[in-house]
Amino acid sequence: MADLLNVQGLETQFRTREGTVHAVNGVSFQLKEGETLGIVGESGCGKSVTVMSVLRLIPSPPGKVVAGKAVYQGKDLLKMTDEEIRHIRGAQIGLVFQDPMTSFNPVLTIGRQVAEPLEIHMGMSRKQALERAAEMLEMVGIPNAKERLNDYPHQFSGGMRQRVMIAMALVCTPQILIADEPTTALDVTIQAQIVDLVKRLQHELGMAIIWITHDLGIIAGLAQRVLVMYAGQVIEEAPVKELYGNPQHPYTLGLLNSLPRLDSDEHRRLASIDGLPPVLLSKPTSCPFAPRCKYAIERCLAENPPLLQVGPDHYAACWVHPETGRPRE
Amino acid sequence: MGRFVARRILYMFAVILVVSAITFGLMHAVPGGPFEREKPLPPEIIANLEKRYHLDEPLLMQYGRYLYEIFIPRIDSNRPGLSLENDFLINIRLGESTWFHWMNFGPSYSSRSRTVNDIFRDNLPVSFQLGIMALTVAILLGVPLGIIAALKQNTIFDYFGMSVAIFGVSVPVIVLGPLLIWIFGVTLRWLPPTGWGSKPPYVMGVFPSTMGWDYWKHAIMPAVALGLGSSAIIARLTRASLLQVVREDYIRTARAKGLKERLVLTRHALKNSLIPVVTVLGPMFAALVTGTFVTEITFGIPGMGRYFVTSITNRDYPVIMGTILLYAVFLVVANLIVDLLYAFLDPRIRYE
Ligand SMILES: Nc1ncnc2c1ncn2[C@@H]1O[C@H](COP(=O)(O)OP(=O)(O)OP(=O)(O)O)[C@@H](O)[C@H]1O
Ligand code: SF4
Ligand SMILES: [Mg+2]
């Protein structure tokens, strides 16, 4: 199937007082129609900046996309006029953010906010848009949707608010839904409900999804393919089963080991990766994971590994074979 | 909401009691009296005057009498304004020769032919009008200036706007007033240098009965002189608030929905950014109405600022008490209105 979105060599930097932060350093990925792509990685590794760069929602200044392209249906989003990209946002690509509390305007009713994309992209009247918004709210499981149109965000619970957020992102039936840690702020039972909801909606509406999280557990049941990011780079990419069964990057291994295991009988301590991700004040010239990596060899400090094919449809940016501990050929 | 307002009105009476007690105490604690002159009056005359105004009674009794006169309504057959001692602010005709009277603030000691209520009737409305116009100037100048400065952050517009703001807060009326008079009143002769364009009686007690050019041309300079400092405060507040709001998550959400930048600002940022601005309007309005003294002197405006200031040097007890109480009421009411406006702007706020 054709690529719906093709991102190549994306680089985004922020000018700060401490210097230029290289937040995203050459990220590439493809998204096919109707597929779900997971992006995982620790806090600060550049997941949000990556997708925000694609939609040109990086605050500028201080941020700037300095290289790369993001081709959506044959057109580069990064080269479009402001007016063109505006018609993509909310209409072709919907966004769901992490914090459902702060992501709504506190002084406008939910109805107004959910109906807004319909008014601006579909040319609907306020009345039509509100009717459609109520249908959409019903679809995401808001009880008494019609009456609740006039409520304000603070009158909804966290989980309900995230459902409303999803309704708002999907109200124009976009081709792509980007969900940036949509469940991180919610408690576990609600998380599962939201994941189920999004799966159901994908089945009904058929959009492709980019799901960002630092929880590999959630991705397992949701995505077909996963990108693992570290220090502004993709360090591993594989189909979800392959990634879990045969991780090829020491960082991915570390992430998988830090998952709580339900199947193990002994009460294992949560293994997490020691150390902190680097501060990216310059473009890495060595493997950015080297300071935390127990497999590191000399080459790791001399050269930053590119994404290497390590299996069919499986790529990893590592000089070493983590199973054998020997350098790759 | 109704209960909230009712509670605030009760609270206002408490404020009046406390403020009146403190004012009364302070007034009598400072040395000097209303009838001390450079050339002393004969003691018999002073004794007579003190007897007439009940100043020979014990202080507590005087205070009680004062509260009685302002709080307790009377129903009798007296026409309003029968004598200087019996001049009530509120007079309602109930029948052929029955009247409802309320709030007697007493006679003024220094201007023998007038009562405190006369000052409220003739001079307070002028100060009130001036205060409202100064507040309007402050808002109309301050909000756009703040918005422009925020949107064009760190550009020439921002620096220019904020320089104007700093100029506004740092140049006092006593400098700005004469400067305006000299430029627009004397040199260009566009505006009359002094005076006020409305006369009593006032509509609903405060509003001018005609508002033609003759009214406005007198009002422009004093309103600008008085309001400029406040407009600077509003501009800085608006700028800071808007800069904060545009960094909020929901602004990013609005952009992610594909809204035009103009809509993002007007629909999503502006209302939120004005919430903190509204909170200062109450105290600001009260300060403007009560702080008209210098402006009124500069522009020769017959407001009540002058009476208030001279009443203190003259120990004109009823005028001091009356104006301070009125200002207190003013502050409470202005804050109440702001609270209601606040609830209107921010649906998260509910009073009960
Ligand atoms: N507005 C900004 N100004 C300066 N630096 C920024 C800004 N936004 C992001 N960055 C930098 O970009 C890096 C990546 O941030 P990003 O928000 O993409 O991380 P993330 O992977 O989404 O993490 P999280 O899981 O916490 O959301 C951060 O470490 C930060 O240094
Ligand atoms: S390249 Fe070297 S340092 Fe980097 S992850 Fe692989 S082994 Fe570790
Ligand atoms: Mg993020």
# chains A, B, ... in the order shown; residues from 1 in each chain; ligands from 1
>>> residues_near_ligand(ligand="ligand 2", cutoff="10 Å", atoms="only C-alpha atoms and all ligand atoms", output="ChimeraX atom specification")
/A:235,248-252,286-306,316-322,325-328
>>> residues_near_ligand(ligand="ligand 3", cutoff="9 Å", atoms="only C-alpha atoms and all ligand atoms", output="list in words")
Ser43, Gly44, Cys45, Gly46, Lys47, Ser48, Val49, Phe97, Gln98, Asp180, Glu181, Ile212 and Thr213 of chain A
>>> write_last_selection(atoms="C-alpha atoms", output="tab-separated table (two decimals), in the first residue's frame")
chain	number	residue	atom	x	y	z
A	43	SER	CA	10.90	11.60	28.23
A	44	GLY	CA	12.72	14.25	26.26
A	45	CYS	CA	13.88	12.01	23.41
A	46	GLY	CA	12.06	14.13	20.84
A	47	LYS	CA	8.82	12.25	20.20
A	48	SER	CA	6.56	15.28	20.51
A	49	VAL	CA	8.94	17.56	18.67
A	97	PHE	CA	-2.55	15.76	23.37
A	98	GLN	CA	-1.34	14.33	26.61
A	180	ASP	CA	0.79	12.26	21.77
A	181	GLU	CA	0.76	10.27	25.01
A	212	ILE	CA	3.31	8.22	21.04
A	213	THR	CA	4.03	6.82	24.46
>>> residues_near_ligand(ligand="ligand 1", cutoff="9 Å", atoms="only C-alpha atoms and all ligand atoms", output="JSON, numbers by chain")
{"A": [12, 13, 14, 15, 16, 20, 21, 22, 23, 24, 40, 41, 42, 43, 44, 45, 46, 47, 48, 49, 50, 51, 52, 58, 59, 60, 61, 62, 63, 98, 180, 181, 212, 213, 214, 229, 230, 231, 232, 277, 278, 279, 280, 281]}
>>> residues_around(residues="Ser273 (chain B)", least_positions_apart="6", cutoff="8 Å", atoms="only C-alpha atoms", output="JSON list (two decimals) with all heavy atoms, in the first residue's frame")
[["chain", "number", "residue", "atom", "x", "y", "z"],
["B", 238, "THR", "N", -1.90, 43.39, 30.48],
["B", 238, "THR", "CA", -2.43, 42.70, 29.29],
["B", 238, "THR", "C", -1.30, 42.00, 28.55],
["B", 238, "THR", "O", -1.42, 40.85, 28.14],
["B", 238, "THR", "CB", -3.10, 43.71, 28.34],
["B", 238, "THR", "OG1", -4.07, 44.45, 29.08],
["B", 238, "THR", "CG2", -3.77, 43.01, 27.19],
["B", 241, "SER", "N", -0.11, 38.97, 30.53],
["B", 241, "SER", "CA", -1.13, 37.94, 30.55],
["B", 241, "SER", "C", -1.26, 37.25, 29.19],
["B", 241, "SER", "O", -1.36, 36.02, 29.10],
["B", 241, "SER", "CB", -2.45, 38.58, 30.98],
["B", 241, "SER", "OG", -3.51, 37.71, 30.77],
["B", 242, "LEU", "N", -1.23, 38.04, 28.13],
["B", 242, "LEU", "CA", -1.37, 37.46, 26.79],
["B", 242, "LEU", "C", -0.15, 36.60, 26.45],
["B", 242, "LEU", "O", -0.28, 35.52, 25.87],
["B", 242, "LEU", "CB", -1.56, 38.57, 25.76],
["B", 242, "LEU", "CG", -1.94, 38.12, 24.36],
["B", 242, "LEU", "CD1", -3.19, 37.27, 24.37],
["B", 242, "LEU", "CD2", -2.15, 39.31, 23.44],
["B", 244, "GLN", "N", 1.56, 34.97, 28.46],
["B", 244, "GLN", "CA", 1.40, 33.72, 29.21],
["B", 244, "GLN", "C", 0.37, 32.82, 28.54],
["B", 244, "GLN", "O", 0.59, 31.62, 28.36],
["B", 244, "GLN", "CB", 1.00, 34.09, 30.64],
["B", 244, "GLN", "CG", 0.08, 33.13, 31.33],
["B", 244, "GLN", "CD", 0.82, 32.32, 32.35],
["B", 244, "GLN", "OE1", 1.66, 32.83, 33.08],
["B", 244, "GLN", "NE2", 0.54, 31.05, 32.37],
["B", 245, "VAL", "N", -0.75, 33.41, 28.13],
["B", 245, "VAL", "CA", -1.83, 32.61, 27.56],
["B", 245, "VAL", "C", -1.41, 31.97, 26.23],
["B", 245, "VAL", "O", -1.73, 30.81, 25.98],
["B", 245, "VAL", "CB", -3.10, 33.48, 27.37],
["B", 245, "VAL", "CG1", -4.10, 32.79, 26.46],
["B", 245, "VAL", "CG2", -3.74, 33.76, 28.72]]
>>> select_by_dssp(residues="region 119-263 of chain A", states="strand (DSSP E)", output="list in words")
Ile176, Leu177, Ile178, Ala179, Asp180, Ala208, Ile209, Ile210, Trp211, Ile212, Thr213, Arg225, Val226, Leu227, Val228, Met229, Tyr230, Gln233, Val234, Ile235, Glu236, Glu237, Ala238 and Pro239 of chain A
>>> select_by_dssp(residues="region 165-312 of chain B", states="helix (DSSP H, G or I)", output="PyMOL selection string")
chain B and resi 165-170+173-187+213-245+249-256+261-290+293-298+305-312
>>> residues_around(residues="Leu243 (chain A)", least_positions_apart="6", cutoff="10 Å", atoms="only C-alpha atoms", output="list in words")
Ala220, Arg225, Val226, Leu227, Val228, Glu236, Glu237, His249, Thr252, Leu253, Leu256, His314 and Tyr315 of chain A
>>> closest_residue(among="B:Gly282, B:Asp316, B:Thr290, B:Ala240", to="Leu336 (chain B)", atoms="only C-alpha atoms")
B:Gly282
>>> interface_residues(of="chain A", to="chain B", cutoff="10 Å", atoms="only C-alpha atoms", output="NGL selection string")
:A and (52 or 55-59 or 82-109 or 113-114 or 116-121 or 151-155 or 165 or 168-169 or 172)
>>> closest_residue(among="B:Tyr202, B:Phe308, B:Trp99, B:Phe24", to="Tyr327 (chain B)", atoms="only C-alpha atoms")
B:Phe308
>>> atom_distance(atom1="CA of Ala67 (chain A)", atom2="CA of Asn25 (chain A)")
9.1 Å
>>> closest_residue(among="B:Phe13, B:Phe207, B:Trp196, B:Phe184", to="Gln129 (chain B)", atoms="only C-alpha atoms")
B:Phe207
>>> closest_residue(among="B:Val19, B:Val169, B:Val246, B:Leu228", to="Val332 (chain B)", atoms="only C-alpha atoms")
B:Val19
>>> closest_residue(among="B:Leu265, B:Ile70, B:Leu141, B:Leu89", to="Met321 (chain B)", atoms="only C-alpha atoms")
B:Ile70
>>> atom_distance(atom1="CA of Ile220 (chain B)", atom2="CA of Gly131 (chain B)")
11.9 Å
>>> decode(residues="region 99-130 of chain B", atoms="N, CA and C atoms", output="mmCIF file, in the first residue's frame")
data_model
loop_
_atom_site.group_PDB
_atom_site.id
_atom_site.type_symbol
_atom_site.label_atom_id
_atom_site.label_comp_id
_atom_site.auth_asym_id
_atom_site.auth_seq_id
_atom_site.Cartn_x
_atom_site.Cartn_y
_atom_site.Cartn_z
ATOM 1 N N TRP B 99 -43.364 61.956 53.591
ATOM 2 C CA TRP B 99 -42.088 61.740 52.910
ATOM 3 C C TRP B 99 -41.292 60.677 53.627
ATOM 4 N N PHE B 100 -40.567 59.923 52.793
ATOM 5 C CA PHE B 100 -39.612 58.953 53.322
ATOM 6 C C PHE B 100 -38.226 59.572 53.158
ATOM 7 N N HIS B 101 -37.504 59.689 54.272
ATOM 8 C CA HIS B 101 -36.159 60.278 54.205
ATOM 9 C C HIS B 101 -35.137 59.268 54.702
ATOM 10 N N TRP B 102 -33.959 59.304 54.047
ATOM 11 C CA TRP B 102 -32.911 58.385 54.482
ATOM 12 C C TRP B 102 -31.545 59.003 54.196
ATOM 13 N N MET B 103 -30.630 58.784 55.088
ATOM 14 C CA MET B 103 -29.223 59.155 54.947
ATOM 15 C C MET B 103 -28.980 60.668 55.025
ATOM 16 N N ASN B 104 -28.880 61.102 56.239
ATOM 17 C CA ASN B 104 -28.503 62.490 56.488
ATOM 18 C C ASN B 104 -27.037 62.536 56.876
ATOM 19 N N PHE B 105 -26.226 63.049 55.986
ATOM 20 C CA PHE B 105 -24.786 63.094 56.264
ATOM 21 C C PHE B 105 -24.365 64.375 56.988
ATOM 22 N N GLY B 106 -25.337 65.212 57.286
ATOM 23 C CA GLY B 106 -25.036 66.384 58.107
ATOM 24 C C GLY B 106 -24.580 67.593 57.320
ATOM 25 N N PRO B 107 -24.468 68.731 58.004
ATOM 26 C CA PRO B 107 -24.038 69.970 57.358
ATOM 27 C C PRO B 107 -22.524 70.026 57.265
ATOM 28 N N SER B 108 -22.036 70.848 56.329
ATOM 29 C CA SER B 108 -20.594 71.089 56.281
ATOM 30 C C SER B 108 -20.284 72.236 57.229
ATOM 31 N N TYR B 109 -19.247 72.091 58.060
ATOM 32 C CA TYR B 109 -18.927 73.172 59.001
ATOM 33 C C TYR B 109 -18.308 74.362 58.293
ATOM 34 N N SER B 110 -17.533 74.070 57.229
ATOM 35 C CA SER B 110 -16.768 75.187 56.668
ATOM 36 C C SER B 110 -17.558 75.979 55.622
ATOM 37 N N SER B 111 -18.312 75.273 54.769
ATOM 38 C CA SER B 111 -19.143 76.074 53.874
ATOM 39 C C SER B 111 -20.539 76.118 54.472
ATOM 40 N N ARG B 112 -20.854 77.203 55.114
ATOM 41 C CA ARG B 112 -22.017 77.287 55.995
ATOM 42 C C ARG B 112 -23.339 77.009 55.307
ATOM 43 N N SER B 113 -23.381 77.288 53.979
ATOM 44 C CA SER B 113 -24.681 77.192 53.333
ATOM 45 C C SER B 113 -24.906 75.829 52.697
ATOM 46 N N ARG B 114 -23.936 74.921 52.857
ATOM 47 C CA ARG B 114 -24.091 73.646 52.165
ATOM 48 C C ARG B 114 -24.005 72.476 53.132
ATOM 49 N N THR B 115 -24.626 71.371 52.699
ATOM 50 C CA THR B 115 -24.529 70.144 53.485
ATOM 51 C C THR B 115 -23.621 69.170 52.748
ATOM 52 N N VAL B 116 -23.261 68.094 53.441
ATOM 53 C CA VAL B 116 -22.468 67.056 52.789
ATOM 54 C C VAL B 116 -23.256 66.483 51.611
ATOM 55 N N ASN B 117 -24.561 66.375 51.790
ATOM 56 C CA ASN B 117 -25.380 65.864 50.694
ATOM 57 C C ASN B 117 -25.357 66.786 49.482
ATOM 58 N N ASP B 118 -25.226 68.102 49.721
ATOM 59 C CA ASP B 118 -25.086 69.021 48.583
ATOM 60 C C ASP B 118 -23.825 68.692 47.785
ATOM 61 N N ILE B 119 -22.766 68.399 48.521
ATOM 62 C CA ILE B 119 -21.514 68.038 47.840
ATOM 63 C C ILE B 119 -21.707 66.752 47.049
ATOM 64 N N PHE B 120 -22.397 65.791 47.680
ATOM 65 C CA PHE B 120 -22.675 64.533 46.969
ATOM 66 C C PHE B 120 -23.512 64.776 45.718
ATOM 67 N N ARG B 121 -24.454 65.695 45.841
ATOM 68 C CA ARG B 121 -25.350 65.935 44.711
ATOM 69 C C ARG B 121 -24.686 66.721 43.590
ATOM 70 N N ASP B 122 -23.876 67.722 43.957
ATOM 71 C CA ASP B 122 -23.354 68.631 42.936
ATOM 72 C C ASP B 122 -21.949 68.280 42.463
ATOM 73 N N ASN B 123 -21.112 67.802 43.364
ATOM 74 C CA ASN B 123 -19.703 67.645 43.025
ATOM 75 C C ASN B 123 -19.276 66.204 42.812
ATOM 76 N N LEU B 124 -19.876 65.309 43.585
ATOM 77 C CA LEU B 124 -19.525 63.903 43.401
ATOM 78 C C LEU B 124 -19.768 63.426 41.964
ATOM 79 N N PRO B 125 -20.925 63.781 41.340
ATOM 80 C CA PRO B 125 -21.151 63.277 39.975
ATOM 81 C C PRO B 125 -20.040 63.672 39.016
ATOM 82 N N VAL B 126 -19.479 64.854 39.213
ATOM 83 C CA VAL B 126 -18.400 65.298 38.329
ATOM 84 C C VAL B 126 -17.185 64.389 38.489
ATOM 85 N N SER B 127 -16.817 64.109 39.728
ATOM 86 C CA SER B 127 -15.685 63.211 39.969
ATOM 87 C C SER B 127 -15.973 61.825 39.423
ATOM 88 N N PHE B 128 -17.225 61.401 39.583
ATOM 89 C CA PHE B 128 -17.623 60.082 39.108
ATOM 90 C C PHE B 128 -17.489 59.994 37.587
ATOM 91 N N GLN B 129 -18.007 61.029 36.913
ATOM 92 C CA GLN B 129 -17.898 61.055 35.451
ATOM 93 C C GLN B 129 -16.441 61.068 35.014
ATOM 94 N N LEU B 130 -15.656 61.877 35.698
ATOM 95 C CA LEU B 130 -14.237 61.963 35.357
ATOM 96 C C LEU B 130 -13.562 60.605 35.561
#
